[in-house]
$ cat work.cif   # mmCIF, C-alpha atoms and all ligand atoms
data_query
loop_
_atom_site.group_PDB
_atom_site.id
_atom_site.type_symbol
_atom_site.label_atom_id
_atom_site.label_comp_id
_atom_site.auth_asym_id
_atom_site.auth_seq_id
_atom_site.Cartn_x
_atom_site.Cartn_y
_atom_site.Cartn_z
ATOM 1 C CA MET L 768 110.460 109.659 99.077
ATOM 2 C CA HIS L 769 111.054 106.090 98.059
ATOM 3 C CA SER L 770 109.037 104.516 95.271
ATOM 4 C CA ILE L 771 108.465 101.136 93.731
ATOM 5 C CA ILE L 772 110.058 100.535 90.360
ATOM 6 C CA LYS L 773 107.890 100.823 87.289
ATOM 7 C CA LEU L 774 106.738 97.363 86.271
ATOM 8 C CA PRO L 775 108.918 96.544 83.231
ATOM 9 C CA TYR L 776 106.211 94.382 81.594
ATOM 10 C CA ALA L 777 102.432 93.990 81.405
ATOM 11 C CA TYR L 778 100.643 91.979 84.108
ATOM 12 C CA ASN L 779 100.066 89.113 81.693
ATOM 13 C CA ALA L 780 103.505 89.181 80.051
ATOM 14 C CA LEU L 781 104.936 86.398 82.201
ATOM 15 C CA GLU L 782 102.180 83.872 81.538
ATOM 16 C CA PRO L 783 101.983 80.917 81.654
ATOM 17 C CA ILE L 784 104.853 80.850 84.173
ATOM 18 C CA ILE L 785 103.472 83.580 86.405
ATOM 19 C CA ASP L 786 99.798 84.371 85.992
ATOM 20 C CA ALA L 787 98.541 87.933 85.489
ATOM 21 C CA LYS L 788 96.531 87.985 88.722
ATOM 22 C CA THR L 789 99.583 87.060 90.802
ATOM 23 C CA VAL L 790 101.708 89.753 89.132
ATOM 24 C CA GLU L 791 98.983 92.368 89.621
ATOM 25 C CA ILE L 792 98.307 91.637 93.304
ATOM 26 C CA HIS L 793 101.993 91.183 94.101
ATOM 27 C CA TYR L 794 102.866 94.502 92.480
ATOM 28 C CA THR L 795 99.935 96.759 93.385
ATOM 29 C CA LYS L 796 99.267 95.424 96.887
ATOM 30 C CA HIS L 797 102.263 93.648 98.434
ATOM 31 C CA HIS L 798 104.957 95.791 96.834
ATOM 32 C CA GLN L 799 103.304 99.222 97.104
ATOM 33 C CA THR L 800 102.031 98.848 100.668
ATOM 34 C CA TYR L 801 105.457 98.471 102.227
ATOM 35 C CA CYS L 802 106.884 101.331 100.222
ATOM 36 C CA ASP L 803 104.186 103.549 101.731
ATOM 37 C CA LYS L 804 105.014 102.233 105.205
ATOM 38 C CA LEU L 805 108.725 102.923 104.737
ATOM 39 C CA ASN L 806 108.039 106.499 103.647
ATOM 40 C CA ALA L 807 105.712 107.018 106.603
ATOM 41 C CA GLY L 808 108.312 105.621 109.022
ATOM 42 C CA LEU L 809 111.117 107.837 107.722
ATOM 43 C CA SER L 810 108.991 110.941 107.355
ATOM 44 C CA GLY L 811 110.244 113.879 109.415
ATOM 45 C CA THR L 812 113.522 112.174 110.337
ATOM 46 C CA GLU L 813 117.003 113.113 109.161
ATOM 47 C CA PHE L 814 117.152 109.751 107.352
ATOM 48 C CA GLU L 815 114.636 110.749 104.696
ATOM 49 C CA GLN L 816 117.420 111.890 102.383
ATOM 50 C CA TYR L 817 119.349 108.602 102.236
ATOM 51 C CA THR L 818 119.078 106.036 99.472
ATOM 52 C CA LEU L 819 117.462 102.733 100.250
ATOM 53 C CA GLU L 820 120.786 100.939 99.664
ATOM 54 C CA ASP L 821 122.557 103.223 102.168
ATOM 55 C CA LEU L 822 119.850 102.709 104.783
ATOM 56 C CA LEU L 823 119.986 98.927 104.468
ATOM 57 C CA THR L 824 123.771 98.707 104.407
ATOM 58 C CA HIS L 825 124.153 100.889 107.494
ATOM 59 C CA TYR L 826 121.017 99.845 109.312
ATOM 60 C CA PRO L 827 122.761 98.805 112.590
ATOM 61 C CA GLN L 828 123.773 102.455 113.015
ATOM 62 C CA LEU L 829 120.192 103.716 112.828
ATOM 63 C CA PRO L 830 118.126 104.521 115.928
ATOM 64 C CA ASP L 831 116.373 101.417 117.295
ATOM 65 C CA ASN L 832 112.881 102.366 116.132
ATOM 66 C CA LEU L 833 114.109 102.992 112.578
ATOM 67 C CA GLN L 834 116.108 99.772 112.395
ATOM 68 C CA TRP L 835 112.876 97.822 112.443
ATOM 69 C CA VAL L 836 111.278 100.051 109.814
ATOM 70 C CA VAL L 837 114.272 99.910 107.484
ATOM 71 C CA LYS L 838 114.918 96.197 107.874
ATOM 72 C CA ASN L 839 111.300 95.171 107.355
ATOM 73 C CA HIS L 840 109.618 97.801 105.207
ATOM 74 C CA GLY L 841 112.805 98.936 103.461
ATOM 75 C CA GLY L 842 113.955 95.361 102.979
ATOM 76 C CA TRP L 843 110.583 94.454 101.547
ATOM 77 C CA LEU L 844 110.727 97.339 99.074
ATOM 78 C CA TYR L 845 114.315 96.700 98.030
ATOM 79 C CA ASN L 846 113.788 92.959 97.639
ATOM 80 C CA HIS L 847 110.715 93.430 95.475
ATOM 81 C CA ASN L 848 112.479 96.005 93.318
ATOM 82 C CA ILE L 849 115.292 93.503 92.694
ATOM 83 C CA TYR L 850 112.809 90.705 92.090
ATOM 84 C CA ARG L 851 111.033 92.778 89.422
ATOM 85 C CA GLN L 852 114.156 94.185 87.803
ATOM 86 C CA THR L 853 115.773 90.807 87.319
ATOM 87 C CA MET L 854 112.726 89.285 85.630
ATOM 88 C CA THR L 855 111.760 89.588 81.969
ATOM 89 C CA ASN L 856 109.546 87.933 79.391
ATOM 90 C CA LYS L 857 112.180 88.570 76.731
ATOM 91 C CA GLU L 858 114.832 86.022 75.940
ATOM 92 C CA THR L 859 118.206 87.130 77.313
ATOM 93 C CA THR L 860 121.423 85.295 76.581
ATOM 94 C CA PRO L 861 124.207 85.201 79.151
ATOM 95 C CA SER L 862 127.283 87.102 77.993
ATOM 96 C CA GLN L 863 130.667 85.401 77.944
ATOM 97 C CA ASN L 864 131.598 87.513 80.938
ATOM 98 C CA LEU L 865 128.614 86.238 82.920
ATOM 99 C CA GLU L 866 129.228 82.608 81.917
ATOM 100 C CA THR L 867 132.846 82.917 83.056
ATOM 101 C CA SER L 868 131.922 84.446 86.422
ATOM 102 C CA ILE L 869 129.346 81.713 87.095
ATOM 103 C CA SER L 870 131.690 78.904 86.042
ATOM 104 C CA LYS L 871 134.543 80.298 88.112
ATOM 105 C CA SER L 872 132.404 80.378 91.253
ATOM 106 C CA PHE L 873 130.252 77.273 90.816
ATOM 107 C CA GLY L 874 132.108 75.024 88.385
ATOM 108 C CA SER L 875 129.437 75.216 85.701
ATOM 109 C CA ARG L 876 126.098 76.807 84.955
ATOM 110 C CA MET L 877 124.436 73.470 85.706
ATOM 111 C CA ASN L 878 125.977 73.374 89.179
ATOM 112 C CA PHE L 879 124.888 76.949 89.748
ATOM 113 C CA GLU L 880 121.296 76.161 88.802
ATOM 114 C CA LYS L 881 121.277 73.021 90.945
ATOM 115 C CA GLU L 882 122.577 74.847 94.010
ATOM 116 C CA PHE L 883 120.216 77.777 93.437
ATOM 117 C CA LYS L 884 117.220 75.468 93.328
ATOM 118 C CA GLU L 885 118.364 73.558 96.419
ATOM 119 C CA LYS L 886 118.700 76.811 98.358
ATOM 120 C CA ALA L 887 115.227 77.903 97.283
ATOM 121 C CA LEU L 888 113.649 74.600 98.272
ATOM 122 C CA SER L 889 115.480 74.278 101.589
ATOM 123 C CA LEU L 890 114.337 77.685 102.841
ATOM 124 C CA PHE L 891 111.936 76.919 105.661
ATOM 125 C CA GLY L 892 108.970 79.289 105.564
ATOM 126 C CA SER L 893 109.062 82.650 103.787
ATOM 127 C CA GLY L 894 112.009 84.499 102.325
ATOM 128 C CA ARG L 895 114.170 84.716 99.244
ATOM 129 C CA VAL L 896 117.023 82.991 97.522
ATOM 130 C CA TRP L 897 119.886 85.233 96.404
ATOM 131 C CA LEU L 898 122.924 85.353 94.239
ATOM 132 C CA GLU L 899 125.166 87.715 96.179
ATOM 133 C CA LYS L 900 128.690 89.032 95.951
ATOM 134 C CA GLU L 901 131.145 89.377 98.795
ATOM 135 C CA TRP L 902 134.494 90.823 97.791
ATOM 136 C CA ASN L 903 135.117 88.913 94.588
ATOM 137 C CA ASN L 904 133.162 85.802 95.524
ATOM 138 C CA LEU L 905 129.748 84.867 94.230
ATOM 139 C CA ILE L 906 127.616 83.033 96.764
ATOM 140 C CA ILE L 907 124.110 81.574 96.749
ATOM 141 C CA SER L 908 122.243 82.197 99.990
ATOM 142 C CA HIS L 909 118.747 82.246 101.325
ATOM 143 C CA TYR L 910 117.485 84.635 103.977
ATOM 144 C CA PRO L 911 114.199 84.579 105.860
ATOM 145 C CA ASN L 912 111.441 87.181 105.681
ATOM 146 C CA GLN L 913 112.718 90.619 104.526
ATOM 147 C CA GLU L 914 116.405 90.006 105.063
ATOM 148 C CA ASN L 915 118.795 90.523 102.184
ATOM 149 C CA PRO L 916 122.530 90.574 101.385
ATOM 150 C CA LEU L 917 122.897 94.309 102.116
ATOM 151 C CA LEU L 918 122.198 93.728 105.804
ATOM 152 C CA TYR L 919 125.286 91.508 105.852
ATOM 153 C CA GLY L 920 127.544 93.867 103.909
ATOM 154 C CA LYS L 921 127.189 91.984 100.629
ATOM 155 C CA GLN L 922 125.971 93.044 97.191
ATOM 156 C CA ALA L 923 122.680 91.671 95.849
ATOM 157 C CA ILE L 924 122.934 90.393 92.266
ATOM 158 C CA LEU L 925 119.760 88.360 91.850
ATOM 159 C CA GLY L 926 116.900 87.702 94.254
ATOM 160 C CA ILE L 927 113.935 85.401 93.839
ATOM 161 C CA ASP L 928 110.880 85.727 96.022
ATOM 162 C CA VAL L 929 109.810 82.410 97.513
ATOM 163 C CA TRP L 930 107.075 83.776 99.737
ATOM 164 C CA GLU L 931 103.886 81.897 98.943
ATOM 165 C CA HIS L 932 102.190 85.082 97.666
ATOM 166 C CA ALA L 933 104.666 84.991 94.742
ATOM 167 C CA TYR L 934 103.292 81.705 93.399
ATOM 168 C CA TYR L 935 100.437 80.211 95.402
ATOM 169 C CA LEU L 936 97.500 81.193 93.149
ATOM 170 C CA HIS L 937 98.918 79.199 90.264
ATOM 171 C CA TYR L 938 101.278 76.654 91.831
ATOM 172 C CA GLN L 939 99.758 76.116 95.311
ATOM 173 C CA ASN L 940 102.282 73.986 97.230
ATOM 174 C CA ARG L 941 104.470 73.240 94.172
ATOM 175 C CA ARG L 942 107.360 75.543 94.998
ATOM 176 C CA ALA L 943 109.790 73.499 92.883
ATOM 177 C CA ASP L 944 107.663 74.034 89.762
ATOM 178 C CA TYR L 945 107.555 77.769 90.433
ATOM 179 C CA ILE L 946 111.343 77.886 90.856
ATOM 180 C CA ASN L 947 111.890 75.919 87.649
ATOM 181 C CA GLY L 948 109.647 78.315 85.746
ATOM 182 C CA ARG L 949 110.879 81.487 87.391
ATOM 183 C CA ARG L 950 114.438 80.558 86.484
ATOM 184 C CA THR L 951 113.583 80.849 82.792
ATOM 185 C CA LEU L 952 112.468 84.478 83.315
ATOM 186 C CA ILE L 953 115.779 85.754 84.655
ATOM 187 C CA ASN L 954 116.918 88.955 82.984
ATOM 188 C CA ARG L 955 120.528 88.013 82.336
ATOM 189 C CA ASP L 956 121.345 91.448 80.921
ATOM 190 C CA ILE L 957 120.520 93.081 84.259
ATOM 191 C CA VAL L 958 122.354 90.396 86.236
ATOM 192 C CA ASP L 959 125.384 90.854 84.006
ATOM 193 C CA ALA L 960 125.302 94.653 84.337
ATOM 194 C CA THR L 961 124.975 94.510 88.142
ATOM 195 C CA LEU L 962 127.770 92.010 88.422
ATOM 196 C CA HIS L 963 130.291 93.663 86.141
ATOM 197 C CA ASN L 964 129.688 97.386 86.615
HETATM 198 MN MN MN L 1001 106.725 89.184 97.442
#

$ encode --input "work.cif" --output "structure tokens"
Amino acid sequence: MHSIIKLPYAYNALEPIIDAKTVEIHYTKHHQTYCDKLNAGLSGTEFEQYTLEDLLTHYPQLPDNLQWVVKNHGGWLYNHNIYRQTMTNKETTPSQNLETSISKSFGSRMNFEKEFKEKALSLFGSGRVWLEKEWNNLIISHYPNQENPLLYGKQAILGIDVWEHAYYLHYQNRRADYINGRRTLINRDIVDATLHN
């Protein structure tokens, strides 16, 4: 059985950047619902035993009816787990290792942040912006709906939800303000550990 990650902070811990109501609804409704749907879809099949990462990485090899379930419900679950894990209300400082990796790939941290924001703002409709790794390269991408780097054989390092449900209560149409705020909540310790382990 798959499960949603335990929320690593209280509903109101991310205020004023993300309001408590948004965190609560996003976590208890949006996140949980699709986990339940994934479990229901896999129930009674031989694919129940696989990890979510394995299912997503190998999804083209699944039977047709399960491809849809894994890509949409599994993708939704995975993406929200990453979104939650890489967010914190505690101040985290990038390690030297992380700074070096970012500079090597993007020139500087400023360039990285600029490109990340551009990718988030240029995503038409719903989806997420990602920092992903392919071989030894770090890339910033955006994917629509429930898609994620695993579907394309890449590793997900950081993913930010830019579906309207992630920010609309507080920011309405101001996606750029949400992205600017959300950026300050990145858990750099987790990003560093994912990248260098
Ligand atoms: Mn979401």

$ closest_residue --input "work.cif" --among "L:Ile907, L:Ala923, L:Met877, L:Met854" --to "Glu820 (chain L)" --atoms "all atoms listed in the file"
L:Ala923

$ atom_distance --input "work.cif" --atom1 "CA of Leu805 (chain L)" --atom2 "CA of His909 (chain L)"
23.2 Å

$ residues_near_ligand --input "work.cif" --ligand "ligand MN 1001 (chain L)" --cutoff "6 Å" --atoms "only C-alpha atoms and all ligand atoms" --output "PyMOL selection string"
chain L and resi 928+930+933

$ write_last_selection --input "work.cif" --atoms "C-alpha atoms" --output "JSON list (two decimals), keeping the file's coordinate frame"
[["chain", "number", "residue", "atom", "x", "y", "z"],
["L", 928, "ASP", "CA", 110.88, 85.73, 96.02],
["L", 930, "TRP", "CA", 107.08, 83.78, 99.74],
["L", 933, "ALA", "CA", 104.67, 84.99, 94.74]]

$ resolve_selection --input "work.cif" --expression "the PyMOL selection byres (((chain L and resi 806) around 9) and not hetatm)" --output "PyMOL selection string"
chain L and resi 768-770+801-805+807-810+815+840-841

$ atom_distance --input "work.cif" --atom1 "CA of Asn964 (chain L)" --atom2 "CA of Ile869 (chain L)"
15.7 Å

$ residues_around --input "work.cif" --residues "Arg949 (chain L)" --least-positions-apart "6" --cutoff "10 Å" --atoms "all atoms listed in the file" --output "PDB file with C-alpha atoms, in the frame of the given file"
ATOM      1  CA  LEU L 781     104.936  86.398  82.201  1.00  0.00           C
ATOM      2  CA  ILE L 784     104.853  80.850  84.173  1.00  0.00           C
ATOM      3  CA  ILE L 785     103.472  83.580  86.405  1.00  0.00           C
ATOM      4  CA  MET L 854     112.726  89.285  85.630  1.00  0.00           C
ATOM      5  CA  THR L 855     111.760  89.588  81.969  1.00  0.00           C
ATOM      6  CA  ILE L 927     113.935  85.401  93.839  1.00  0.00           C
ATOM      7  CA  ASP L 928     110.880  85.727  96.022  1.00  0.00           C
ATOM      8  CA  TYR L 934     103.292  81.705  93.399  1.00  0.00           C
ATOM      9  CA  ALA L 943     109.790  73.499  92.883  1.00  0.00           C
TER      10      ALA L 943
END

$ closest_atom_pairs --input "work.cif" --of "region 809-914 of chain L" --to "region 792-798 of chain L" --cutoff "10 Å" --atoms "all atoms listed in the file" --output "tab-separated table"
residue	atom	partner	partner_atom	distance
L:His840	CA	L:His798	CA	9.8
L:Trp843	CA	L:His798	CA	7.5
L:Leu844	CA	L:His798	CA	6.4
L:Tyr845	CA	L:His798	CA	9.5
L:Asn846	CA	L:His798	CA	9.3
L:His847	CA	L:His798	CA	6.4
L:Asn848	CA	L:His798	CA	8.3
L:Arg851	CA	L:Tyr794	CA	8.9

$ residues_around --input "work.cif" --residues "Tyr826 (chain L)" --least-positions-apart "2" --cutoff "12 Å" --atoms "only C-alpha atoms" --output "PyMOL selection string"
chain L and resi 814+817-824+828-839+841-842+914-915+917-920

$ resolve_selection --input "work.cif" --expression "the PyMOL selection byres (((chain L and resi 892) around 10) and not hetatm)" --output "list in words"
Leu888, Ser889, Leu890, Phe891, Ser893, Gly894, Arg895, Pro911, Asn912, Val929, Trp930 and Glu931 of chain L

$ residues_near_point --input "work.cif" --point "(97.6, 82.7, 88.9)" --cutoff "9 Å" --atoms "only C-alpha atoms" --output "PDB file with C-alpha atoms, in the coordinates of the input"
ATOM      1  CA  GLU L 782     102.180  83.872  81.538  1.00  0.00           C
ATOM      2  CA  PRO L 783     101.983  80.917  81.654  1.00  0.00           C
ATOM      3  CA  ILE L 784     104.853  80.850  84.173  1.00  0.00           C
ATOM      4  CA  ILE L 785     103.472  83.580  86.405  1.00  0.00           C
ATOM      5  CA  ASP L 786      99.798  84.371  85.992  1.00  0.00           C
ATOM      6  CA  ALA L 787      98.541  87.933  85.489  1.00  0.00           C
ATOM      7  CA  LYS L 788      96.531  87.985  88.722  1.00  0.00           C
ATOM      8  CA  THR L 789      99.583  87.060  90.802  1.00  0.00           C
ATOM      9  CA  VAL L 790     101.708  89.753  89.132  1.00  0.00           C
ATOM     10  CA  TYR L 934     103.292  81.705  93.399  1.00  0.00           C
ATOM     11  CA  TYR L 935     100.437  80.211  95.402  1.00  0.00           C
ATOM     12  CA  LEU L 936      97.500  81.193  93.149  1.00  0.00           C
ATOM     13  CA  HIS L 937      98.918  79.199  90.264  1.00  0.00           C
ATOM     14  CA  TYR L 938     101.278  76.654  91.831  1.00  0.00           C
TER      15      TYR L 938
END

$ atom_distance --input "work.cif" --atom1 "CA of Asn878 (chain L)" --atom2 "CA of Gln939 (chain L)"
27.1 Å

$ resolve_selection --input "work.cif" --expression "the PyMOL selection byres (((chain L and resi 900) around 7) and not hetatm)" --output "JSON, numbers by chain"
{"L": [899, 901, 902, 903, 904, 905, 906, 921, 922, 923, 924]}

$ closest_residue --input "work.cif" --among "L:Glu882, L:Ile957, L:Pro861, L:Asn856" --to "Ala777 (chain L)" --atoms "all atoms listed in the file"
L:Asn856

$ residues_around --input "work.cif" --residues "Glu858 (chain L)" --least-positions-apart "3" --cutoff "10 Å" --atoms "all atoms listed in the file" --output "compact mmCIF listing (two decimals) with C-alpha atoms, keeping the file's coordinate frame"
# COMPACT_ATOMS: atom_id res chain seq x y z
CA THR L 855 111.76 89.59 81.97
CA PRO L 861 124.21 85.20 79.15
CA THR L 951 113.58 80.85 82.79
CA LEU L 952 112.47 84.48 83.32
CA ILE L 953 115.78 85.75 84.66
CA ASN L 954 116.92 88.96 82.98
CA ARG L 955 120.53 88.01 82.34
CA ASP L 956 121.34 91.45 80.92

$ closest_residue --input "work.cif" --among "L:Gln816, L:Ser908, L:His825, L:Lys857" --to "Pro775 (chain L)" --atoms "all atoms listed in the file"
L:Lys857

$ closest_residue --input "work.cif" --among "L:Ile772, L:Leu925, L:Val958, L:Ala887" --to "Leu865 (chain L)" --atoms "all atoms listed in the file"
L:Val958

$ build_atoms --input "work.cif" --residues "region 880-891 of chain L" --atoms "all heavy atoms" --output "PDB file, keeping the file's coordinate frame"
ATOM      1  N   GLU L 880     122.762  76.304  88.797  1.00  0.00           N
ATOM      2  CA  GLU L 880     121.296  76.161  88.802  1.00  0.00           C
ATOM      3  C   GLU L 880     120.832  75.132  89.822  1.00  0.00           C
ATOM      4  O   GLU L 880     119.809  75.315  90.477  1.00  0.00           O
ATOM      5  CB  GLU L 880     120.809  75.807  87.391  1.00  0.00           C
ATOM      6  CG  GLU L 880     121.005  76.981  86.449  1.00  0.00           C
ATOM      7  CD  GLU L 880     120.313  76.820  85.109  1.00  0.00           C
ATOM      8  OE1 GLU L 880     119.759  75.737  84.846  1.00  0.00           O
ATOM      9  OE2 GLU L 880     120.349  77.786  84.326  1.00  0.00           O
ATOM     10  N   LYS L 881     121.613  74.075  89.976  1.00  0.00           N
ATOM     11  CA  LYS L 881     121.277  73.021  90.945  1.00  0.00           C
ATOM     12  C   LYS L 881     121.335  73.588  92.362  1.00  0.00           C
ATOM     13  O   LYS L 881     120.412  73.417  93.166  1.00  0.00           O
ATOM     14  CB  LYS L 881     122.280  71.873  90.777  1.00  0.00           C
ATOM     15  CG  LYS L 881     121.975  70.647  91.582  1.00  0.00           C
ATOM     16  CD  LYS L 881     122.840  69.474  91.068  1.00  0.00           C
ATOM     17  CE  LYS L 881     122.833  68.333  92.068  1.00  0.00           C
ATOM     18  NZ  LYS L 881     123.851  68.464  93.110  1.00  0.00           N
ATOM     19  N   GLU L 882     122.414  74.294  92.652  1.00  0.00           N
ATOM     20  CA  GLU L 882     122.577  74.847  94.010  1.00  0.00           C
ATOM     21  C   GLU L 882     121.520  75.920  94.299  1.00  0.00           C
ATOM     22  O   GLU L 882     120.990  76.013  95.407  1.00  0.00           O
ATOM     23  CB  GLU L 882     123.987  75.432  94.171  1.00  0.00           C
ATOM     24  CG  GLU L 882     124.309  75.741  95.622  1.00  0.00           C
ATOM     25  CD  GLU L 882     125.686  76.381  95.822  1.00  0.00           C
ATOM     26  OE1 GLU L 882     126.636  76.047  95.076  1.00  0.00           O
ATOM     27  OE2 GLU L 882     125.804  77.234  96.713  1.00  0.00           O
ATOM     28  N   PHE L 883     121.210  76.715  93.269  1.00  0.00           N
ATOM     29  CA  PHE L 883     120.216  77.777  93.437  1.00  0.00           C
ATOM     30  C   PHE L 883     118.853  77.171  93.789  1.00  0.00           C
ATOM     31  O   PHE L 883     118.166  77.621  94.706  1.00  0.00           O
ATOM     32  CB  PHE L 883     120.117  78.587  92.129  1.00  0.00           C
ATOM     33  CG  PHE L 883     119.501  79.941  92.305  1.00  0.00           C
ATOM     34  CD1 PHE L 883     120.284  81.028  92.660  1.00  0.00           C
ATOM     35  CD2 PHE L 883     118.145  80.133  92.124  1.00  0.00           C
ATOM     36  CE1 PHE L 883     119.725  82.288  92.835  1.00  0.00           C
ATOM     37  CE2 PHE L 883     117.572  81.389  92.297  1.00  0.00           C
ATOM     38  CZ  PHE L 883     118.369  82.461  92.647  1.00  0.00           C
ATOM     39  N   LYS L 884     118.498  76.122  93.083  1.00  0.00           N
ATOM     40  CA  LYS L 884     117.220  75.468  93.328  1.00  0.00           C
ATOM     41  C   LYS L 884     117.198  74.820  94.724  1.00  0.00           C
ATOM     42  O   LYS L 884     116.204  74.927  95.456  1.00  0.00           O
ATOM     43  CB  LYS L 884     116.970  74.416  92.241  1.00  0.00           C
ATOM     44  CG  LYS L 884     115.576  73.846  92.297  1.00  0.00           C
ATOM     45  CD  LYS L 884     115.319  72.918  91.126  1.00  0.00           C
ATOM     46  CE  LYS L 884     113.999  72.179  91.333  1.00  0.00           C
ATOM     47  NZ  LYS L 884     113.756  71.196  90.283  1.00  0.00           N
ATOM     48  N   GLU L 885     118.300  74.188  95.089  1.00  0.00           N
ATOM     49  CA  GLU L 885     118.364  73.558  96.419  1.00  0.00           C
ATOM     50  C   GLU L 885     118.180  74.594  97.529  1.00  0.00           C
ATOM     51  O   GLU L 885     117.491  74.359  98.513  1.00  0.00           O
ATOM     52  CB  GLU L 885     119.710  72.842  96.602  1.00  0.00           C
ATOM     53  CG  GLU L 885     119.752  71.484  95.923  1.00  0.00           C
ATOM     54  CD  GLU L 885     121.167  70.902  95.839  1.00  0.00           C
ATOM     55  OE1 GLU L 885     122.115  71.516  96.389  1.00  0.00           O
ATOM     56  OE2 GLU L 885     121.304  69.850  95.190  1.00  0.00           O
ATOM     57  N   LYS L 886     118.820  75.749  97.339  1.00  0.00           N
ATOM     58  CA  LYS L 886     118.700  76.811  98.358  1.00  0.00           C
ATOM     59  C   LYS L 886     117.264  77.332  98.441  1.00  0.00           C
ATOM     60  O   LYS L 886     116.775  77.660  99.516  1.00  0.00           O
ATOM     61  CB  LYS L 886     119.626  77.985  98.022  1.00  0.00           C
ATOM     62  CG  LYS L 886     121.051  77.758  98.423  1.00  0.00           C
ATOM     63  CD  LYS L 886     121.269  78.015  99.907  1.00  0.00           C
ATOM     64  CE  LYS L 886     122.733  77.863 100.254  1.00  0.00           C
ATOM     65  NZ  LYS L 886     123.018  77.244 101.507  1.00  0.00           N
ATOM     66  N   ALA L 887     116.618  77.425  97.299  1.00  0.00           N
ATOM     67  CA  ALA L 887     115.227  77.903  97.283  1.00  0.00           C
ATOM     68  C   ALA L 887     114.304  76.906  97.979  1.00  0.00           C
ATOM     69  O   ALA L 887     113.423  77.281  98.742  1.00  0.00           O
ATOM     70  CB  ALA L 887     114.771  78.130  95.845  1.00  0.00           C
ATOM     71  N   LEU L 888     114.539  75.625  97.724  1.00  0.00           N
ATOM     72  CA  LEU L 888     113.649  74.600  98.272  1.00  0.00           C
ATOM     73  C   LEU L 888     113.932  74.332  99.743  1.00  0.00           C
ATOM     74  O   LEU L 888     113.056  73.890 100.480  1.00  0.00           O
ATOM     75  CB  LEU L 888     113.776  73.303  97.468  1.00  0.00           C
ATOM     76  CG  LEU L 888     113.327  73.409  96.007  1.00  0.00           C
ATOM     77  CD1 LEU L 888     113.464  72.067  95.311  1.00  0.00           C
ATOM     78  CD2 LEU L 888     111.890  73.903  95.903  1.00  0.00           C
ATOM     79  N   SER L 889     115.145  74.585 100.196  1.00  0.00           N
ATOM     80  CA  SER L 889     115.480  74.278 101.589  1.00  0.00           C
ATOM     81  C   SER L 889     115.227  75.464 102.528  1.00  0.00           C
ATOM     82  O   SER L 889     115.493  75.386 103.719  1.00  0.00           O
ATOM     83  CB  SER L 889     116.941  73.823 101.709  1.00  0.00           C
ATOM     84  OG  SER L 889     117.802  74.854 101.279  1.00  0.00           O
ATOM     85  N   LEU L 890     114.709  76.563 101.981  1.00  0.00           N
ATOM     86  CA  LEU L 890     114.337  77.685 102.841  1.00  0.00           C
ATOM     87  C   LEU L 890     113.050  77.322 103.575  1.00  0.00           C
ATOM     88  O   LEU L 890     112.026  77.072 102.942  1.00  0.00           O
ATOM     89  CB  LEU L 890     114.130  78.945 101.997  1.00  0.00           C
ATOM     90  CG  LEU L 890     113.562  80.155 102.731  1.00  0.00           C
ATOM     91  CD1 LEU L 890     114.585  80.718 103.717  1.00  0.00           C
ATOM     92  CD2 LEU L 890     113.159  81.243 101.748  1.00  0.00           C
ATOM     93  N   PHE L 891     113.119  77.282 104.882  1.00  0.00           N
ATOM     94  CA  PHE L 891     111.936  76.919 105.661  1.00  0.00           C
ATOM     95  C   PHE L 891     111.087  78.164 105.860  1.00  0.00           C
ATOM     96  O   PHE L 891     111.551  79.152 106.421  1.00  0.00           O
ATOM     97  CB  PHE L 891     112.371  76.327 107.008  1.00  0.00           C
ATOM     98  CG  PHE L 891     111.216  75.791 107.803  1.00  0.00           C
ATOM     99  CD1 PHE L 891     110.686  74.538 107.516  1.00  0.00           C
ATOM    100  CD2 PHE L 891     110.632  76.534 108.814  1.00  0.00           C
ATOM    101  CE1 PHE L 891     109.613  74.028 108.229  1.00  0.00           C
ATOM    102  CE2 PHE L 891     109.552  76.050 109.540  1.00  0.00           C
ATOM    103  CZ  PHE L 891     109.036  74.792 109.242  1.00  0.00           C
TER     104      PHE L 891
END
